[in-house]
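Visitor: Here you go, this is data_25.csv (CSV, C-alpha atoms).
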```
chain,number,residue,atom,x,y,z
O,222,MET,CA,-3.6,23.8,19.2
O,223,ASP,CA,-1.4,26.2,17.2
O,224,ARG,CA,-2.8,28.3,14.4
O,225,LEU,CA,-1.9,27.1,11.0
O,226,GLN,CA,-0.2,30.1,9.3
O,227,VAL,CA,0.8,30.1,5.7
O,228,ALA,CA,2.9,32.8,4.0
O,229,GLY,CA,4.3,33.1,0.5
O,230,LEU,CA,3.4,29.5,-0.2
O,231,CYS,CA,4.2,28.1,-3.6
O,232,VAL,CA,2.8,24.7,-4.7
O,233,THR,CA,4.0,22.8,-7.7
O,234,ARG,CA,2.6,19.7,-9.4
O,235,GLY,CA,5.4,18.0,-11.3
O,236,ASP,CA,7.3,20.9,-12.9
O,237,ARG,CA,4.2,23.1,-13.2
O,238,GLU,CA,3.6,25.8,-10.6
O,239,VAL,CA,-0.1,25.8,-9.6
O,240,LEU,CA,-0.2,28.2,-6.7
O,241,ALA,CA,2.1,31.0,-5.9
O,242,HIS,CA,2.5,33.5,-3.0
O,243,LEU,CA,-0.4,32.2,-1.1
O,244,ALA,CA,-1.0,33.6,2.4
O,245,PHE,CA,-3.8,32.7,4.9
O,246,SER,CA,-4.2,31.3,8.4
O,247,VAL,CA,-6.7,29.0,10.0
O,248,GLY,CA,-7.2,28.0,13.6
O,249,ALA,CA,-9.4,26.4,16.2
O,250,GLY,CA,-13.1,27.0,15.7
O,251,GLU,CA,-12.8,27.8,12.0
O,252,ALA,CA,-13.7,26.2,8.8
O,253,LEU,CA,-11.8,27.3,5.7
O,254,HIS,CA,-13.6,26.6,2.4
O,255,LEU,CA,-11.3,26.5,-0.6
O,256,ILE,CA,-12.9,27.6,-3.8
O,257,GLY,CA,-11.5,27.6,-7.3
O,258,ARG,CA,-12.0,26.2,-10.8
O,259,ASN,CA,-10.9,22.7,-11.7
O,260,GLY,CA,-7.1,22.4,-11.8
O,261,VAL,CA,-6.3,25.5,-9.8
O,262,GLY,CA,-4.5,23.4,-7.1
O,263,LYS,CA,-7.0,22.8,-4.3
O,264,THR,CA,-6.0,19.2,-3.9
O,265,SER,CA,-2.3,20.0,-4.1
O,266,LEU,CA,-2.7,22.7,-1.5
O,267,LEU,CA,-4.6,20.3,0.9
O,268,GLU,CA,-1.9,17.7,0.3
O,269,VAL,CA,0.8,20.2,1.2
O,270,LEU,CA,-1.1,21.3,4.4
O,271,CYS,CA,-1.5,17.8,5.7
O,272,GLY,CA,2.1,16.9,4.9
O,273,LEU,CA,1.7,14.5,2.0
O,274,ARG,CA,3.5,16.8,-0.4
O,275,ALA,CA,6.4,19.2,0.1
O,276,PRO,CA,5.8,22.9,-0.7
O,277,ALA,CA,8.0,24.4,-3.4
O,278,GLY,CA,8.4,27.6,-1.4
O,279,GLY,CA,7.1,29.7,1.4
O,280,THR,CA,6.6,29.0,5.0
O,281,ILE,CA,4.0,27.0,6.9
O,282,ARG,CA,3.9,27.5,10.7
O,283,GLY,CA,1.9,25.5,13.1
O,284,GLN,CA,1.5,22.6,10.7
O,285,PRO,CA,-0.3,19.7,12.6
O,286,GLN,CA,1.5,16.4,13.2
O,287,ALA,CA,0.2,13.2,11.6
O,288,ASP,CA,-1.6,12.2,14.8
O,289,GLU,CA,-3.4,15.5,15.0
O,290,LEU,CA,-5.1,15.4,11.7
O,291,TYR,CA,-7.5,13.5,9.5
O,292,TRP,CA,-7.2,13.5,5.7
O,293,VAL,CA,-10.1,12.4,3.5
O,294,GLY,CA,-8.9,12.7,-0.1
O,295,HIS,CA,-10.8,12.2,-3.3
O,296,ARG,CA,-9.5,8.6,-3.1
O,297,ASN,CA,-11.5,7.3,-0.2
O,298,GLY,CA,-8.9,5.0,1.3
O,299,VAL,CA,-11.3,2.2,1.7
O,300,HIS,CA,-10.3,-1.2,0.2
O,301,ALA,CA,-12.9,-2.7,-2.1
O,302,ALA,CA,-12.5,-6.2,-0.8
O,303,LEU,CA,-13.0,-5.3,2.8
O,304,SER,CA,-16.2,-4.2,4.5
O,305,PRO,CA,-16.6,-0.7,6.1
O,306,PHE,CA,-16.3,-2.3,9.5
O,307,GLU,CA,-13.0,-4.0,8.6
O,308,ASN,CA,-11.6,-0.9,6.9
O,309,LEU,CA,-12.4,1.3,9.8
O,310,ARG,CA,-11.0,-1.2,12.4
O,311,PHE,CA,-7.8,-1.5,10.3
O,312,TRP,CA,-7.3,2.3,10.3
O,313,CYS,CA,-7.8,2.5,14.1
O,314,ARG,CA,-5.3,-0.3,14.7
O,315,LEU,CA,-2.8,1.2,12.2
O,316,ALA,CA,-2.8,4.5,14.1
O,317,ALA,CA,-2.8,2.8,17.5
O,318,MET,CA,-6.2,4.1,18.4
O,319,PRO,CA,-8.9,2.3,20.3
O,320,THR,CA,-11.5,0.6,18.1
O,321,ALA,CA,-14.4,1.0,20.6
O,322,GLY,CA,-15.9,4.0,18.6
O,323,VAL,CA,-16.1,2.1,15.3
O,324,GLY,CA,-19.8,1.0,15.7
O,325,ASP,CA,-21.0,4.5,16.7
O,326,ALA,CA,-19.1,6.1,13.8
O,327,LEU,CA,-20.8,3.7,11.3
O,328,ARG,CA,-24.2,4.4,12.8
O,329,ARG,CA,-23.7,8.1,12.5
O,330,VAL,CA,-22.9,7.9,8.8
O,331,GLY,CA,-25.7,5.5,8.2
O,332,LEU,CA,-23.7,2.5,7.2
O,333,TRP,CA,-24.4,0.3,10.3
O,334,GLY,CA,-26.8,-1.9,8.2
O,335,LEU,CA,-24.1,-2.4,5.5
O,336,ARG,CA,-21.1,-2.8,7.8
O,337,HIS,CA,-20.3,-6.3,6.7
O,338,ARG,CA,-20.7,-5.7,2.9
O,339,ALA,CA,-17.6,-5.4,0.9
O,340,CYS,CA,-16.9,-1.8,0.0
O,341,GLY,CA,-16.6,-2.7,-3.7
O,342,ARG,CA,-20.3,-3.5,-3.6
O,343,LEU,CA,-21.3,-0.2,-2.1
O,344,SER,CA,-22.3,2.8,-4.1
O,345,THR,CA,-20.0,5.8,-4.6
O,346,GLY,CA,-21.8,7.8,-1.9
O,347,GLN,CA,-21.7,4.9,0.5
O,348,ARG,CA,-18.0,4.5,0.0
O,349,ARG,CA,-17.6,8.2,0.7
O,350,ARG,CA,-19.6,7.8,3.9
O,351,ALA,CA,-17.3,5.0,4.9
O,352,ALA,CA,-14.4,7.3,4.4
O,353,LEU,CA,-16.0,10.1,6.4
O,354,ALA,CA,-16.7,7.7,9.3
O,355,ARG,CA,-13.0,7.7,9.9
O,356,LEU,CA,-13.3,11.3,11.2
O,357,LEU,CA,-15.6,10.2,14.0
O,358,VAL,CA,-13.9,7.2,15.7
O,359,VAL,CA,-11.4,9.1,17.7
O,360,PRO,CA,-11.4,13.0,17.8
O,361,ARG,CA,-8.5,14.8,16.2
O,362,PRO,CA,-8.3,18.6,16.0
O,363,TRP,CA,-7.5,19.0,12.3
O,364,TRP,CA,-9.7,17.9,9.4
O,365,PHE,CA,-8.5,18.2,5.8
O,366,LEU,CA,-11.3,17.2,3.4
O,367,ASP,CA,-10.9,17.2,-0.4
O,368,GLU,CA,-14.3,17.4,-2.0
O,369,PRO,CA,-16.1,15.7,0.8
O,370,LEU,CA,-19.5,16.3,-0.7
O,371,ALA,CA,-18.7,14.6,-4.1
O,372,GLY,CA,-21.0,11.7,-4.7
O,373,LEU,CA,-23.2,12.2,-1.6
O,374,ASP,CA,-26.9,12.5,-1.7
O,375,VAL,CA,-28.9,15.4,-0.1
O,376,ALA,CA,-29.0,13.7,3.3
O,377,GLY,CA,-25.3,12.9,3.0
O,378,ILE,CA,-24.4,16.5,2.3
O,379,ALA,CA,-26.5,17.7,5.2
O,380,LEU,CA,-24.8,15.0,7.4
O,381,THR,CA,-21.3,16.1,6.3
O,382,CYS,CA,-22.2,19.8,7.0
O,383,ASP,CA,-23.5,18.8,10.4
O,384,LEU,CA,-20.3,16.9,11.2
O,385,VAL,CA,-18.1,19.9,10.2
O,386,ALA,CA,-20.3,22.3,12.2
O,387,GLU,CA,-20.1,20.0,15.3
O,388,HIS,CA,-16.3,19.7,14.9
O,389,VAL,CA,-15.8,23.4,14.6
O,390,LYS,CA,-18.1,24.1,17.6
O,391,ARG,CA,-16.0,21.7,19.7
O,392,GLY,CA,-12.9,23.8,18.9
O,393,GLY,CA,-11.6,21.8,15.9
O,394,ALA,CA,-10.5,23.2,12.6
O,395,VAL,CA,-11.5,22.2,9.1
O,396,VAL,CA,-10.0,23.0,5.7
O,397,LEU,CA,-12.1,21.7,2.9
O,398,SER,CA,-12.5,22.1,-0.8
O,399,SER,CA,-15.9,21.9,-2.5
O,400,HIS,CA,-17.6,23.2,-5.6
O,401,GLN,CA,-20.9,23.4,-3.7
O,402,ALA,CA,-21.9,26.3,-1.6
O,403,LEU,CA,-21.8,25.4,2.1
O,404,PRO,CA,-24.6,26.6,4.4
O,405,ARG,CA,-24.2,30.1,5.7
O,406,THR,CA,-25.2,28.9,9.1
O,407,LEU,CA,-21.9,26.9,9.4
O,408,PRO,CA,-20.0,28.4,12.4
O,409,GLY,CA,-16.6,29.9,11.7
O,410,LEU,CA,-16.9,29.5,8.0
O,411,ARG,CA,-14.5,31.5,5.8
O,412,GLU,CA,-14.0,31.3,2.1
O,413,LEU,CA,-10.6,31.4,0.3
O,414,VAL,CA,-10.8,31.9,-3.5
O,415,LEU,CA,-7.9,30.4,-5.3
O,416,ALA,CA,-7.0,31.8,-8.7
O,417,ALA,CA,-4.1,31.0,-11.0
U,80,MET,CA,4.2,0.3,16.4
U,81,ILE,CA,4.0,-3.5,16.7
U,82,GLY,CA,0.2,-3.1,16.6
U,83,ALA,CA,0.4,-1.2,13.3
U,84,ILE,CA,2.7,-3.7,11.7
U,85,TRP,CA,0.4,-6.5,12.9
U,86,ALA,CA,-2.6,-4.6,11.6
U,87,VAL,CA,-1.1,-4.4,8.1
U,88,PHE,CA,-0.2,-8.1,8.2
U,89,VAL,CA,-3.7,-9.1,9.3
U,90,ARG,CA,-5.3,-7.0,6.6
U,91,GLU,CA,-3.1,-8.8,3.9
U,92,LEU,CA,-4.2,-12.1,5.4
U,93,GLN,CA,-7.9,-11.1,5.2
U,94,LEU,CA,-7.4,-10.1,1.6
U,95,ALA,CA,-5.5,-13.3,0.6
U,96,ALA,CA,-8.2,-15.4,2.3
U,97,ARG,CA,-10.8,-13.6,0.3
U,98,ARG,CA,-9.1,-13.7,-3.1
U,99,ARG,CA,-7.6,-17.2,-3.2
U,100,ALA,CA,-7.1,-17.2,-7.0
U,101,GLU,CA,-4.4,-14.6,-6.6
U,102,TRP,CA,-2.0,-17.0,-4.8
U,103,VAL,CA,-3.3,-20.3,-6.3
U,104,GLN,CA,-2.7,-19.1,-9.9
U,105,PRO,CA,1.1,-18.5,-9.5
U,106,LEU,CA,1.4,-22.0,-7.9
U,107,ALA,CA,-0.5,-23.6,-10.8
U,108,PHE,CA,1.6,-21.6,-13.3
U,109,TYR,CA,4.8,-22.9,-11.6
U,110,VAL,CA,3.7,-26.5,-11.7
U,111,LEU,CA,2.7,-26.3,-15.3
U,112,VAL,CA,5.9,-24.6,-16.4
U,113,VAL,CA,8.1,-27.3,-14.7
U,114,LEU,CA,5.9,-30.2,-16.0
U,115,LEU,CA,6.1,-28.8,-19.5
U,116,PHE,CA,9.9,-29.0,-19.3
U,117,GLY,CA,9.5,-32.7,-18.4
U,118,LEU,CA,7.2,-33.3,-21.4
U,119,GLY,CA,9.6,-31.4,-23.7
U,120,VAL,CA,12.5,-33.9,-23.4
U,121,ALA,CA,12.7,-37.5,-24.3
U,122,PRO,CA,11.3,-40.0,-21.7
U,123,ARG,CA,13.9,-40.9,-19.0
U,124,ASP,CA,16.4,-38.5,-20.4
U,125,PRO,CA,19.1,-38.3,-17.6
U,126,THR,CA,20.0,-34.7,-18.7
U,127,LEU,CA,16.7,-33.5,-17.3
U,128,ARG,CA,18.1,-34.2,-13.8
U,129,GLN,CA,21.1,-32.0,-14.5
U,130,PHE,CA,18.9,-29.1,-15.6
U,131,ALA,CA,16.3,-29.7,-12.8
U,132,PRO,CA,17.8,-27.1,-10.4
U,133,ALA,CA,17.8,-24.3,-13.0
U,134,ILE,CA,14.3,-25.2,-14.2
U,135,ILE,CA,12.9,-25.2,-10.7
U,136,TRP,CA,14.6,-21.9,-9.8
U,137,VAL,CA,13.7,-20.1,-13.0
U,138,GLY,CA,10.1,-21.4,-12.8
U,139,ALA,CA,9.8,-20.1,-9.2
U,140,LEU,CA,11.2,-16.7,-10.3
U,141,LEU,CA,8.7,-16.4,-13.1
U,142,ALA,CA,5.8,-17.5,-11.0
U,143,ALA,CA,6.6,-15.1,-8.2
U,144,MET,CA,6.7,-12.2,-10.7
U,145,LEU,CA,3.0,-12.7,-11.5
U,146,GLY,CA,1.6,-11.2,-8.4
U,147,LEU,CA,4.2,-8.5,-7.8
U,148,ASP,CA,2.7,-5.8,-9.8
U,149,ARG,CA,-0.3,-5.6,-7.5
U,150,ILE,CA,1.5,-5.4,-4.2
U,151,PHE,CA,1.4,-1.6,-3.8
U,152,ARG,CA,-0.8,-0.6,-6.8
U,153,GLU,CA,-4.2,-1.2,-5.1
U,154,ASP,CA,-3.1,0.8,-2.0
U,155,ARG,CA,-2.0,3.7,-4.2
U,156,ASP,CA,-5.1,3.7,-6.4
U,157,ASP,CA,-7.6,3.5,-3.5
U,158,GLY,CA,-5.9,6.1,-1.3
U,159,SER,CA,-4.8,3.7,1.4
U,160,LEU,CA,-1.1,4.6,0.8
U,161,GLU,CA,-1.8,8.3,1.6
U,162,LEU,CA,-3.4,7.2,4.9
U,163,MET,CA,-0.5,4.9,5.7
U,164,VAL,CA,1.9,7.8,5.2
U,165,LEU,CA,-0.2,10.0,7.4
U,166,SER,CA,-0.8,7.3,10.1
U,167,GLY,CA,2.0,8.7,12.2
U,168,MET,CA,3.8,5.3,12.0
U,169,PRO,CA,7.1,5.0,10.2
U,170,LEU,CA,6.4,3.7,6.7
U,171,PRO,CA,9.3,1.2,6.3
U,172,PRO,CA,8.1,-1.3,8.9
U,173,LEU,CA,4.6,-1.2,7.4
U,174,VAL,CA,6.0,-1.8,3.9
U,175,GLY,CA,8.1,-4.6,5.4
U,176,SER,CA,5.0,-6.1,6.9
U,177,LYS,CA,3.2,-6.0,3.5
U,178,ILE,CA,6.2,-7.7,1.8
U,179,ALA,CA,6.3,-10.4,4.5
U,180,ALA,CA,2.6,-11.2,3.9
U,181,GLN,CA,3.2,-11.2,0.2
U,182,TRP,CA,6.0,-13.7,0.6
U,183,LEU,CA,3.8,-15.9,2.8
U,184,PHE,CA,1.1,-16.2,0.1
U,185,ASN,CA,2.9,-15.8,-3.2
U,186,ALA,CA,6.4,-17.2,-2.6
U,187,ALA,CA,6.3,-19.6,0.3
U,188,PRO,CA,3.9,-22.0,-1.6
U,189,LEU,CA,6.4,-22.0,-4.4
U,190,ALA,CA,9.3,-22.8,-2.0
U,191,PHE,CA,7.3,-25.8,-0.7
U,192,ALA,CA,6.2,-27.0,-4.2
U,193,GLY,CA,9.9,-26.8,-5.4
U,194,PRO,CA,11.1,-30.0,-3.8
U,195,LEU,CA,8.1,-32.0,-5.0
U,196,LEU,CA,8.7,-30.8,-8.5
U,197,ALA,CA,12.4,-31.7,-8.1
U,198,LEU,CA,11.3,-35.3,-7.3
U,199,VAL,CA,9.2,-35.3,-10.5
U,200,LEU,CA,12.3,-34.2,-12.5
U,201,GLY,CA,14.3,-37.0,-11.0
U,202,LEU,CA,16.3,-35.5,-8.2
U,203,ARG,CA,16.7,-37.7,-5.1
U,204,GLY,CA,18.2,-37.4,-1.7
U,205,ASP,CA,20.3,-34.6,-0.3
U,206,PRO,CA,20.0,-32.3,-3.4
U,207,VAL,CA,16.2,-32.1,-2.8
U,208,TRP,CA,16.8,-30.8,0.7
U,209,VAL,CA,19.4,-28.3,-0.4
U,210,LEU,CA,17.0,-27.1,-3.1
U,211,PHE,CA,14.3,-26.6,-0.4
U,212,ILE,CA,16.6,-24.7,1.9
U,213,GLY,CA,17.8,-22.6,-1.0
U,214,LEU,CA,14.3,-21.7,-2.1
U,215,LEU,CA,13.4,-20.8,1.5
U,216,LEU,CA,16.4,-18.4,1.6
U,217,GLY,CA,16.1,-17.1,-1.9
U,218,THR,CA,12.4,-16.4,-2.3
U,219,PRO,CA,12.4,-13.7,0.4
U,220,THR,CA,15.2,-11.9,-1.6
U,221,LEU,CA,13.1,-12.2,-4.7
U,222,MET,CA,10.0,-10.8,-3.1
U,223,LEU,CA,11.9,-7.9,-1.5
U,224,VAL,CA,13.7,-6.9,-4.7
U,225,GLY,CA,10.5,-7.3,-6.6
U,226,ALA,CA,8.6,-5.2,-4.1
U,227,PHE,CA,11.2,-2.4,-4.5
U,228,ALA,CA,10.7,-2.5,-8.3
U,229,ALA,CA,7.0,-2.5,-7.8
U,230,ALA,CA,7.3,0.5,-5.5
U,231,LEU,CA,9.4,2.3,-8.2
U,232,THR,CA,6.9,1.6,-11.0
U,233,VAL,CA,3.7,2.0,-9.0
U,234,ALA,CA,3.0,5.3,-10.7
U,235,VAL,CA,3.6,3.8,-14.2
U,236,PRO,CA,0.4,2.6,-15.8
U,237,ARG,CA,0.6,-1.0,-17.1
U,238,ALA,CA,4.0,-1.8,-15.8
U,239,GLY,CA,3.4,-5.4,-16.6
U,240,VAL,CA,6.5,-6.2,-18.6
U,241,LEU,CA,8.7,-3.5,-17.1
U,242,LEU,CA,8.7,-5.2,-13.7
U,243,PRO,CA,10.3,-8.5,-14.8
U,244,VAL,CA,12.8,-6.7,-17.0
U,245,LEU,CA,13.9,-4.7,-13.9
U,246,VAL,CA,13.8,-7.5,-11.4
U,247,LEU,CA,15.1,-10.6,-13.3
U,248,PRO,CA,18.7,-9.2,-13.9
U,249,LEU,CA,19.0,-8.5,-10.2
U,250,MET,CA,18.0,-12.1,-9.5
U,251,ALA,CA,21.0,-13.6,-11.3
U,252,PRO,CA,23.0,-14.1,-8.1
U,253,VAL,CA,20.1,-15.9,-6.4
U,254,VAL,CA,19.8,-18.3,-9.3
U,255,ILE,CA,23.5,-18.9,-9.5
U,256,PHE,CA,23.9,-19.7,-5.9
U,257,GLY,CA,20.5,-21.4,-5.5
U,258,ALA,CA,21.1,-23.8,-8.5
U,259,GLY,CA,24.8,-24.0,-7.7
U,260,ALA,CA,24.1,-25.3,-4.2
U,261,VAL,CA,21.9,-28.1,-5.6
U,262,ARG,CA,24.6,-29.0,-8.2
U,263,ALA,CA,27.2,-29.2,-5.5
U,264,ALA,CA,25.0,-31.4,-3.4
U,265,SER,CA,24.4,-33.7,-6.5
U,266,GLN,CA,28.1,-34.1,-6.9
U,267,GLY,CA,28.6,-35.0,-3.2
U,268,LEU,CA,30.3,-31.7,-2.4
U,269,PRO,CA,29.3,-29.5,0.6
U,270,ALA,CA,26.6,-27.0,-0.3
U,271,THR,CA,26.9,-24.7,2.7
U,272,ALA,CA,28.9,-21.9,1.0
U,273,PRO,CA,26.3,-21.1,-1.7
U,274,LEU,CA,23.5,-21.4,0.9
U,275,TYR,CA,25.4,-18.9,3.1
U,276,PHE,CA,25.6,-16.5,0.1
U,277,LEU,CA,21.8,-16.8,-0.4
U,278,ALA,CA,21.3,-16.1,3.3
U,279,ALA,CA,23.6,-13.1,3.2
U,280,GLU,CA,21.7,-11.7,0.2
U,281,MET,CA,18.4,-12.2,2.1
U,282,VAL,CA,19.7,-10.4,5.2
U,283,LEU,CA,20.9,-7.5,3.0
U,284,ALA,CA,17.6,-7.2,1.3
U,285,VAL,CA,15.6,-7.4,4.6
U,286,VAL,CA,17.7,-4.7,6.1
U,287,PHE,CA,17.7,-2.2,3.2
U,288,ILE,CA,14.7,-2.8,1.0
U,289,PRO,CA,11.8,-1.8,3.3
U,290,TRP,CA,13.5,1.6,3.6
U,291,VAL,CA,14.2,2.3,0.0
U,292,SER,CA,10.7,1.0,-1.0
U,293,ALA,CA,9.1,3.3,1.5
U,294,ALA,CA,11.1,6.2,0.1
U,295,ALA,CA,10.1,5.2,-3.5
U,296,LEU,CA,6.4,5.1,-2.4
U,297,ARG,CA,6.6,8.4,-0.7
U,298,ASN,CA,8.1,9.9,-3.8
U,299,THR,CA,5.1,8.8,-5.9
U,300,LEU,CA,2.8,11.0,-3.8
U,301,ASP,CA,4.8,14.1,-4.5
```
As structure tokens, please, write out the structure in this file.
Guide:
Amino acid sequence: MDRLQVAGLCVTRGDREVLAHLAFSVGAGEALHLIGRNGVGKTSLLEVLCGLRAPAGGTIRGQPQADELYWVGHRNGVHAALSPFENLRFWCRLAAMPTAGVGDALRRVGLWGLRHRACGRLSTGQRRRAALARLLVVPRPWWFLDEPLAGLDVAGIALTCDLVAEHVKRGGAVVLSSHQALPRTLPGLRELVLAA
Amino acid sequence: MIGAIWAVFVRELQLAARRRAEWVQPLAFYVLVVLLFGLGVAPRDPTLRQFAPAIIWVGALLAAMLGLDRIFREDRDDGSLELMVLSGMPLPPLVGSKIAAQWLFNAAPLAFAGPLLALVLGLRGDPVWVLFIGLLLGTPTLMLVGAFAAALTVAVPRAGVLLPVLVLPLMAPVVIFGAGAVRAASQGLPATAPLYFLAAEMVLAVVFIPWVSAAALRNTLD
């Protein structure tokens, strides 16, 4: 897996420039924690890195293909009328991935007992867990997580940190934004402070 | 690829099965609008039969507009659209699959109700069949053009009135040829030419609209 290298990156939101001349790199076995105040452009940067948004300038080398990455945005991507099980199975089929791992993924995030309840009737934290379960069905090297800890309880935060640590130890790479401090014990953790 | 298209289609089927009101309501609206026309004229007024094709077609257009706003909005609001873009599958076939499912639930029932309502308004014989074929050819065009407008306005909050204002002018040819075919059949003339026009419009829409809609949706993420 290639190292993701960013040089001179400019990110705009509408006609407003949010980030300018950004340079960093991240690769296998690393977790990059984006830090910055509200509105500094963390979400926009993550969207650019995973290919949802075009950069306004600069170069990105080693950008992962769509089938090499997972994106969990602040919108969870779970449909309110479908259950966690149905949502997860749908995403697997959409990406032409085997659905065999769906049960294990739901057990891992603690939603097995609620797998047939419509996501609209789950709590915010439970919906977030349903979104995070997507990361576990089939391994992919790159994880881009936008505020993955938002709405999670203490156990959920610990679980997410464990998932990130395991992924990094297996040689994956994670770029995530969070306003919470991540545990120092997290392997390969680096911080990138974004300022306007 | 086929698996992904099928997955989107099955998901729409699940959603429609779970929320029956969303496709029963347009049908009820359609029946009510057409029946009110019948109540609005004098009993056994023969002019109603002359206007029946236009009433049936305009009613179907208005009823089909009701569910259009929702077609991409939910997926955009809950983040599913981002995941579809990042699924690694080309977006246009997935969008086409969504529109096909939308046609099946929101427009096909209208196409089947049309001939029955035509009987209520006094049409008999061949014109009823021509109307049915016309609706089957015209409603996909309506759904496709409507979906394109919905994709363009998905980022606009409360696009309720904007959508019909954008779509209905584009539907003029469909109404002209759809109602024209029925009129020709009523006068004993061949109705094949207007039906061919409807079919040609449908083919054009099927070929181009999934691509332009996908581009419009992608644009809203930027």
Visitor: With only C-alpha atoms as the basis for distance, which of O:Ala394, O:Leu353, O:Arg282, O:Gly346 is at the shortest distance from Val375 in chain O?
Guide: O:Gly346
Visitor: Calculated over all atoms listed in the file, which of the candidates O:Gly283, O:Pro408, O:Gly294, O:Gly262 has the smallest distance to Trp364 in chain O?
Guide: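 That would be O:Gly294, the residue with the smallest distance to Trp364 in chain O.
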Visitor: For range 385-391 of chain O, please output as a ChimeraX atom specification all residues within 6 Å (counting only C-alpha atoms; exclusion window: fewer than 4 positions along the same chain).
Guide: /O:250-251,407
Visitor: Can you work out which one of U:Ser292, U:Thr299, U:Thr220, U:Ser265 has the shortest atom-to-atom distance to chain O, counting all atoms listed in the file?
Guide: U:Thr299
Visitor: Give me the residues near range 159-161 of chain U as an NGL selection string, where near means some atom within 8 Å (using only C-alpha atoms) and where sequence neighbours in that chain fewer than 3 positions away do not count.
Guide: (:O and (273 or 297-300)) or (:U and (154-156 or 164-165 or 300))
Visitor: Which residues of chain U are close to chain O, meaning at most 9 Å apart when you count all atoms listed in the file, and how do they look as an MDAnalysis selection string?
Guide: chainID U and resid 80 82:87 89:90 93:94 97:98 153:168 297:298 300:301
Visitor: Kindly give the distance, in Å, that separates CA of Leu114 in chain U and CA of Gln129 in chain U, rounded to a single decimal.
Guide: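 Interatomic distance, CA of Leu114 in chain U to CA of Gln129 in chain U: 15.4 Å.
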